[in-house]
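So the structure is just underneath, and the comments pick up after that.
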Amino acid sequence: MESRRWAEVDDYFNGLLVGSDPALDAAVADSEAAGLPPHQVAPNQGKLLHLLARIQGARTILEIGTLGGYSTIWLARALPPEGRLISLEADPGHAEVARANIRRAGLHGVTEIRTGFALESLPRLAEEGHSFDLVFIDADKPGNPGYLDWALKLTRPGALIVADNVVRDGEVVDAGSADPRVQGVRRFTELVAAHPRLSATALQTVGGKGYDGFVLALVTDGSPF
């Protein structure tokens with residue numbers, strides 16, 4: 001009953017506040033047709049990412065984990081015409097689906113998808129001198145501690161780091177979990193909590209995508225205020 005009601009509430013708010021969008025709907029449909037896992041964010045969560053990027057005034061965005069490009073479209077739409085989004089995707093097949101979805105959405109001019117393991121791509125971004133206003137982490141959870149390390153190297157004070165899927169159906173509280181995804185999230189969150197340059201919180205979410213949540217961390221200059 002709970003999960004059905006969560007989905008009904010999502011549908012209610014999505015209908016009023018998000019609405020249907022041809023490019024986003026097609027991205028979901030084409031991702032499904034290509035056999036991609038249905039792990040993209042929910043529509044209201046995509047809108048949240050879009051609003052966060054706009055509130056942030058983001059001109060440069062890094063996404064770690066592209067999948068079919070659904071969240072990429074939401075984030076790229078928040079950019080100014082001269083903005084830039086770089087998304088990292090390990091699976092070449094997923095990347096090709098995402099590129100087609102992004103092109104159909106008319107966002108290929110501000111979006112670049114790089115294929116390969118993120119922990120190999122991230123050092124190259126640093127070598128190229130990139131700095132990002134917003135980093136969205138939504139890839140393999142055991143990699144989250146390493147992604148955080150590079151996110152900090154690729155941002156300045158005032159940047160925002162957002163990590164998805166951190167609640168794991170509540171399993172995040174299980175210190176003895178044998179699931180490497182849970183342990184990756186726990187280590188990531190512990191690193192966030194201990195880092196002197198981060199001010200962070202976490203939000204639990206329920207809805208059509210189940211029970212999960214986000215960590216949001218503001219990069220600061222290390223001062224307490």
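Residues in the structure tokens are numbered from 1 in each chain, the chains being A, B, ... in the order shown, and ligands are numbered from 1 in the order shown.
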
Where does DSSP see strand (DSSP E or B) in segment 120-158 of chain A, if you list the residues as a list of chain:residue names?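 Strand (DSSP E or B) members of segment 120-158 of chain A, listed: A:Phe132, A:Asp133, A:Leu134, A:Val135, A:Phe136, A:Ile137, A:Thr155, A:Arg156, A:Pro157, A:Gly158.
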
With C-alpha atoms retained, could you export that selection as a PDB file, in the first residue's frame?
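Once everything was written out, this is selection25.pdb:
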```
ATOM      1  CA  PHE A 132      32.482  22.961 -12.239  1.00  0.00           C
ATOM      2  CA  ASP A 133      29.703  24.863 -10.477  1.00  0.00           C
ATOM      3  CA  LEU A 134      27.624  21.730  -9.873  1.00  0.00           C
ATOM      4  CA  VAL A 135      28.562  18.040  -9.730  1.00  0.00           C
ATOM      5  CA  PHE A 136      25.886  15.342  -9.869  1.00  0.00           C
ATOM      6  CA  ILE A 137      27.095  11.889  -8.770  1.00  0.00           C
ATOM      7  CA  THR A 155      35.242  22.659  -7.843  1.00  0.00           C
ATOM      8  CA  ARG A 156      35.755  25.956  -6.049  1.00  0.00           C
ATOM      9  CA  PRO A 157      33.987  27.420  -2.986  1.00  0.00           C
ATOM     10  CA  GLY A 158      30.330  27.977  -3.789  1.00  0.00           C
TER      11      GLY A 158
END
```

Please run DSSP on the backbone and report, as number ranges by chain, all residues within segment 135-205 of chain A that come out as helix (DSSP H, G or I). A: 141-153, 168-173, 180-194

Restrict the selected residues to N, CA and C atoms and save them as an mmCIF file, in the first residue's frame.
```
data_model
loop_
_atom_site.group_PDB
_atom_site.id
_atom_site.type_symbol
_atom_site.label_atom_id
_atom_site.label_comp_id
_atom_site.auth_asym_id
_atom_site.auth_seq_id
_atom_site.Cartn_x
_atom_site.Cartn_y
_atom_site.Cartn_z
ATOM 1 N N LYS A 141 27.946 2.922 -6.824
ATOM 2 C CA LYS A 141 28.099 3.440 -5.463
ATOM 3 C C LYS A 141 29.440 3.092 -4.813
ATOM 4 N N PRO A 142 30.048 1.940 -5.103
ATOM 5 C CA PRO A 142 31.385 1.712 -4.541
ATOM 6 C C PRO A 142 32.399 2.761 -4.980
ATOM 7 N N GLY A 143 32.152 3.403 -6.115
ATOM 8 C CA GLY A 143 33.056 4.440 -6.589
ATOM 9 C C GLY A 143 32.842 5.805 -5.960
ATOM 10 N N ASN A 144 31.790 5.976 -5.162
ATOM 11 C CA ASN A 144 31.451 7.302 -4.638
ATOM 12 C C ASN A 144 32.576 7.978 -3.855
ATOM 13 N N PRO A 145 33.319 7.270 -2.995
ATOM 14 C CA PRO A 145 34.414 7.965 -2.296
ATOM 15 C C PRO A 145 35.430 8.571 -3.265
ATOM 16 N N GLY A 146 35.788 7.826 -4.306
ATOM 17 C CA GLY A 146 36.712 8.376 -5.303
ATOM 18 C C GLY A 146 36.112 9.515 -6.087
ATOM 19 N N TYR A 147 34.826 9.424 -6.392
ATOM 20 C CA TYR A 147 34.161 10.511 -7.116
ATOM 21 C C TYR A 147 34.137 11.790 -6.276
ATOM 22 N N LEU A 148 33.944 11.637 -4.982
ATOM 23 C CA LEU A 148 33.960 12.813 -4.107
ATOM 24 C C LEU A 148 35.333 13.479 -4.122
ATOM 25 N N ASP A 149 36.374 12.678 -4.042
ATOM 26 C CA ASP A 149 37.733 13.221 -4.052
ATOM 27 C C ASP A 149 37.968 14.070 -5.301
ATOM 28 N N TRP A 150 37.550 13.550 -6.456
ATOM 29 C CA TRP A 150 37.751 14.308 -7.684
ATOM 30 C C TRP A 150 36.793 15.489 -7.798
ATOM 31 N N ALA A 151 35.591 15.340 -7.271
ATOM 32 C CA ALA A 151 34.657 16.468 -7.286
ATOM 33 C C ALA A 151 35.237 17.653 -6.530
ATOM 34 N N LEU A 152 35.905 17.370 -5.432
ATOM 35 C CA LEU A 152 36.518 18.458 -4.659
ATOM 36 C C LEU A 152 37.685 19.097 -5.414
ATOM 37 N N LYS A 153 38.407 18.303 -6.182
ATOM 38 C CA LYS A 153 39.509 18.849 -6.965
ATOM 39 C C LYS A 153 39.011 19.666 -8.156
ATOM 40 N N ARG A 168 19.378 3.743 -0.055
ATOM 41 C CA ARG A 168 19.416 2.310 -0.338
ATOM 42 C C ARG A 168 18.316 1.553 0.383
ATOM 43 N N ASP A 169 17.074 2.038 0.288
ATOM 44 C CA ASP A 169 15.947 1.393 0.974
ATOM 45 C C ASP A 169 16.168 1.317 2.486
ATOM 46 N N GLY A 170 16.911 2.257 3.021
ATOM 47 C CA GLY A 170 17.181 2.287 4.451
ATOM 48 C C GLY A 170 18.400 1.493 4.876
ATOM 49 N N GLU A 171 19.005 0.748 3.959
ATOM 50 C CA GLU A 171 20.141 -0.111 4.311
ATOM 51 C C GLU A 171 21.391 0.688 4.658
ATOM 52 N N VAL A 172 21.389 1.987 4.381
ATOM 53 C CA VAL A 172 22.561 2.807 4.693
ATOM 54 C C VAL A 172 22.892 2.796 6.183
ATOM 55 N N VAL A 173 21.922 2.507 7.043
ATOM 56 C CA VAL A 173 22.185 2.512 8.489
ATOM 57 C C VAL A 173 22.865 1.228 8.955
ATOM 58 N N PRO A 180 28.435 -3.923 -1.261
ATOM 59 C CA PRO A 180 29.446 -2.892 -1.525
ATOM 60 C C PRO A 180 28.837 -1.541 -1.887
ATOM 61 N N ARG A 181 27.594 -1.541 -2.391
ATOM 62 C CA ARG A 181 26.937 -0.265 -2.700
ATOM 63 C C ARG A 181 26.610 0.483 -1.411
ATOM 64 N N VAL A 182 26.136 -0.242 -0.413
ATOM 65 C CA VAL A 182 25.846 0.377 0.886
ATOM 66 C C VAL A 182 27.138 0.893 1.516
ATOM 67 N N GLN A 183 28.179 0.079 1.488
ATOM 68 C CA GLN A 183 29.440 0.491 2.086
ATOM 69 C C GLN A 183 30.047 1.684 1.348
ATOM 70 N N GLY A 184 29.869 1.728 0.016
ATOM 71 C CA GLY A 184 30.361 2.874 -0.740
ATOM 72 C C GLY A 184 29.659 4.161 -0.354
ATOM 73 N N VAL A 185 28.344 4.079 -0.159
ATOM 74 C CA VAL A 185 27.578 5.256 0.248
ATOM 75 C C VAL A 185 27.957 5.676 1.665
ATOM 76 N N ARG A 186 28.113 4.696 2.555
ATOM 77 C CA ARG A 186 28.478 5.022 3.940
ATOM 78 C C ARG A 186 29.839 5.721 3.984
ATOM 79 N N ARG A 187 30.817 5.189 3.263
ATOM 80 C CA ARG A 187 32.140 5.805 3.263
ATOM 81 C C ARG A 187 32.092 7.198 2.653
ATOM 82 N N PHE A 188 31.357 7.350 1.560
ATOM 83 C CA PHE A 188 31.167 8.658 0.931
ATOM 84 C C PHE A 188 30.607 9.664 1.933
ATOM 85 N N THR A 189 29.553 9.266 2.643
ATOM 86 C CA THR A 189 28.901 10.189 3.577
ATOM 87 C C THR A 189 29.815 10.520 4.747
ATOM 88 N N GLU A 190 30.566 9.543 5.211
ATOM 89 C CA GLU A 190 31.522 9.806 6.291
ATOM 90 C C GLU A 190 32.597 10.794 5.848
ATOM 91 N N LEU A 191 33.059 10.657 4.617
ATOM 92 C CA LEU A 191 34.055 11.593 4.088
ATOM 93 C C LEU A 191 33.477 12.999 3.960
ATOM 94 N N VAL A 192 32.233 13.090 3.481
ATOM 95 C CA VAL A 192 31.564 14.389 3.396
ATOM 96 C C VAL A 192 31.481 15.023 4.782
ATOM 97 N N ALA A 193 31.049 14.231 5.764
ATOM 98 C CA ALA A 193 30.862 14.756 7.123
ATOM 99 C C ALA A 193 32.166 15.255 7.727
ATOM 100 N N ALA A 194 33.267 14.602 7.399
ATOM 101 C CA ALA A 194 34.542 14.938 8.029
ATOM 102 C C ALA A 194 35.309 16.026 7.289
#
```

Would you list the contacts of Thr115 of chain A as a list in words, taking every protein, DNA or RNA residue within 12 Å and counting only C-alpha atoms, but skipping same-chain residues closer than 4 positions in sequence?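 Listing them by chain and then by number gives Ile64, Gly65, Thr66, Leu67, Ile86, Ser87, Leu88, Glu89, Ala90, Asp91, Pro92, Gly93, His94, Ala95, Glu96, Ala98, Arg99, Leu119, Glu120, Ser121 and Leu122 of chain A.
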
Take the residues that were just selected and, keeping N, CA and C atoms, output them as an mmCIF file, in the first residue's frame.
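Everything below was put into result-v6.cif:
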```
data_model
loop_
_atom_site.group_PDB
_atom_site.id
_atom_site.type_symbol
_atom_site.label_atom_id
_atom_site.label_comp_id
_atom_site.auth_asym_id
_atom_site.auth_seq_id
_atom_site.Cartn_x
_atom_site.Cartn_y
_atom_site.Cartn_z
ATOM 1 N N ILE A 64 28.381 12.499 -13.234
ATOM 2 C CA ILE A 64 29.088 11.219 -13.198
ATOM 3 C C ILE A 64 28.034 10.124 -13.236
ATOM 4 N N GLY A 65 27.878 9.511 -14.412
ATOM 5 C CA GLY A 65 26.839 8.509 -14.636
ATOM 6 C C GLY A 65 25.742 9.082 -15.520
ATOM 7 N N THR A 66 25.784 8.764 -16.821
ATOM 8 C CA THR A 66 24.846 9.349 -17.790
ATOM 9 C C THR A 66 23.598 8.509 -17.969
ATOM 10 N N LEU A 67 23.770 7.179 -18.020
ATOM 11 C CA LEU A 67 22.720 6.232 -18.384
ATOM 12 C C LEU A 67 22.118 6.667 -19.739
ATOM 13 N N ILE A 86 29.494 18.303 -18.933
ATOM 14 C CA ILE A 86 30.236 17.108 -19.294
ATOM 15 C C ILE A 86 29.691 15.953 -18.468
ATOM 16 N N SER A 87 29.300 14.880 -19.150
ATOM 17 C CA SER A 87 28.753 13.707 -18.478
ATOM 18 C C SER A 87 29.652 12.514 -18.768
ATOM 19 N N LEU A 88 29.930 11.729 -17.738
ATOM 20 C CA LEU A 88 30.830 10.584 -17.844
ATOM 21 C C LEU A 88 30.025 9.294 -17.765
ATOM 22 N N GLU A 89 30.208 8.410 -18.740
ATOM 23 C CA GLU A 89 29.461 7.145 -18.798
ATOM 24 C C GLU A 89 30.402 5.997 -19.135
ATOM 25 N N ALA A 90 30.371 4.953 -18.312
ATOM 26 C CA ALA A 90 31.269 3.815 -18.512
ATOM 27 C C ALA A 90 30.852 2.939 -19.684
ATOM 28 N N ASP A 91 29.554 2.824 -19.944
ATOM 29 C CA ASP A 91 29.043 1.883 -20.935
ATOM 30 C C ASP A 91 28.867 2.589 -22.287
ATOM 31 N N PRO A 92 29.598 2.169 -23.317
ATOM 32 C CA PRO A 92 29.482 2.836 -24.628
ATOM 33 C C PRO A 92 28.071 2.758 -25.207
ATOM 34 N N GLY A 93 27.366 1.647 -24.985
ATOM 35 C CA GLY A 93 25.999 1.530 -25.489
ATOM 36 C C GLY A 93 25.064 2.521 -24.838
ATOM 37 N N HIS A 94 25.187 2.667 -23.528
ATOM 38 C CA HIS A 94 24.383 3.661 -22.819
ATOM 39 C C HIS A 94 24.696 5.060 -23.345
ATOM 40 N N ALA A 95 25.978 5.328 -23.570
ATOM 41 C CA ALA A 95 26.387 6.658 -24.034
ATOM 42 C C ALA A 95 25.773 6.982 -25.389
ATOM 43 N N GLU A 96 25.697 5.997 -26.292
ATOM 44 C CA GLU A 96 25.120 6.244 -27.609
ATOM 45 C C GLU A 96 23.624 6.558 -27.510
ATOM 46 N N ALA A 98 22.198 7.905 -24.924
ATOM 47 C CA ALA A 98 22.123 9.234 -24.319
ATOM 48 C C ALA A 98 22.413 10.328 -25.348
ATOM 49 N N ARG A 99 23.416 10.112 -26.185
ATOM 50 C CA ARG A 99 23.748 11.133 -27.193
ATOM 51 C C ARG A 99 22.563 11.386 -28.125
ATOM 52 N N LEU A 119 36.708 7.134 -13.006
ATOM 53 C CA LEU A 119 37.950 7.365 -12.269
ATOM 54 C C LEU A 119 39.162 7.469 -13.184
ATOM 55 N N GLU A 120 38.985 7.123 -14.466
ATOM 56 C CA GLU A 120 40.028 7.369 -15.461
ATOM 57 C C GLU A 120 39.786 8.694 -16.196
ATOM 58 N N SER A 121 38.522 9.072 -16.355
ATOM 59 C CA SER A 121 38.191 10.318 -17.059
ATOM 60 C C SER A 121 38.397 11.544 -16.178
ATOM 61 N N LEU A 122 38.134 11.412 -14.879
ATOM 62 C CA LEU A 122 38.204 12.573 -13.994
ATOM 63 C C LEU A 122 39.591 13.211 -13.927
#
```

Proximity to Leu160 of chain A - best of A:Arg54, A:His39, A:Lys47, A:Arg5, only C-alpha atoms: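 Of all the options, A:Arg54 lies closest to Leu160 of chain A.
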
Write out as a ChimeraX atom specification the residues lying within 12 Å of segment 9-22 of chain A, counting only C-alpha atoms and excluding same-chain residues fewer than 3 positions away. /A:2-6,25-30,42-48,50-51,70,73-74,101,104-106,205-210

File dump, residues just selected, C-alpha atoms, as a PDB file, in the first residue's frame:
```
ATOM      1  CA  GLU A   2       2.803   2.442   0.909  1.00  0.00           C
ATOM      2  CA  SER A   3       4.642   2.146  -2.405  1.00  0.00           C
ATOM      3  CA  ARG A   4       1.413   2.506  -4.379  1.00  0.00           C
ATOM      4  CA  ARG A   5       0.471   5.636  -2.451  1.00  0.00           C
ATOM      5  CA  TRP A   6       3.988   7.038  -2.913  1.00  0.00           C
ATOM      6  CA  ASP A  25       9.322  11.134 -22.413  1.00  0.00           C
ATOM      7  CA  ALA A  26      11.117   9.984 -25.553  1.00  0.00           C
ATOM      8  CA  ALA A  27      14.389   9.657 -23.643  1.00  0.00           C
ATOM      9  CA  VAL A  28      12.728   7.287 -21.184  1.00  0.00           C
ATOM     10  CA  ALA A  29      11.015   5.312 -23.955  1.00  0.00           C
ATOM     11  CA  ASP A  30      14.165   4.960 -26.059  1.00  0.00           C
ATOM     12  CA  ALA A  42      11.959  10.451 -11.300  1.00  0.00           C
ATOM     13  CA  PRO A  43      10.462  13.466 -13.118  1.00  0.00           C
ATOM     14  CA  ASN A  44      10.099  15.495  -9.915  1.00  0.00           C
ATOM     15  CA  GLN A  45      13.683  14.657  -8.978  1.00  0.00           C
ATOM     16  CA  GLY A  46      14.855  15.726 -12.420  1.00  0.00           C
ATOM     17  CA  LYS A  47      13.020  19.016 -11.946  1.00  0.00           C
ATOM     18  CA  LEU A  48      14.732  19.380  -8.557  1.00  0.00           C
ATOM     19  CA  HIS A  50      17.135  21.558 -12.820  1.00  0.00           C
ATOM     20  CA  LEU A  51      16.031  24.045 -10.159  1.00  0.00           C
ATOM     21  CA  TYR A  70      17.441  11.766 -18.728  1.00  0.00           C
ATOM     22  CA  ILE A  73      18.667  16.811 -20.210  1.00  0.00           C
ATOM     23  CA  TRP A  74      17.197  18.263 -17.019  1.00  0.00           C
ATOM     24  CA  ASN A 101      18.345  11.582 -26.623  1.00  0.00           C
ATOM     25  CA  ARG A 104      16.741  15.202 -30.024  1.00  0.00           C
ATOM     26  CA  ALA A 105      16.338  17.557 -27.044  1.00  0.00           C
ATOM     27  CA  GLY A 106      18.476  20.134 -28.863  1.00  0.00           C
ATOM     28  CA  THR A 205      12.811  10.505  -0.699  1.00  0.00           C
ATOM     29  CA  VAL A 206       9.862   8.244  -1.409  1.00  0.00           C
ATOM     30  CA  GLY A 207       7.830   7.999  -4.597  1.00  0.00           C
ATOM     31  CA  GLY A 208       7.524   6.153  -7.850  1.00  0.00           C
ATOM     32  CA  LYS A 209      11.230   5.254  -7.677  1.00  0.00           C
ATOM     33  CA  GLY A 210      10.856   3.735  -4.206  1.00  0.00           C
TER      34      GLY A 210
END
```
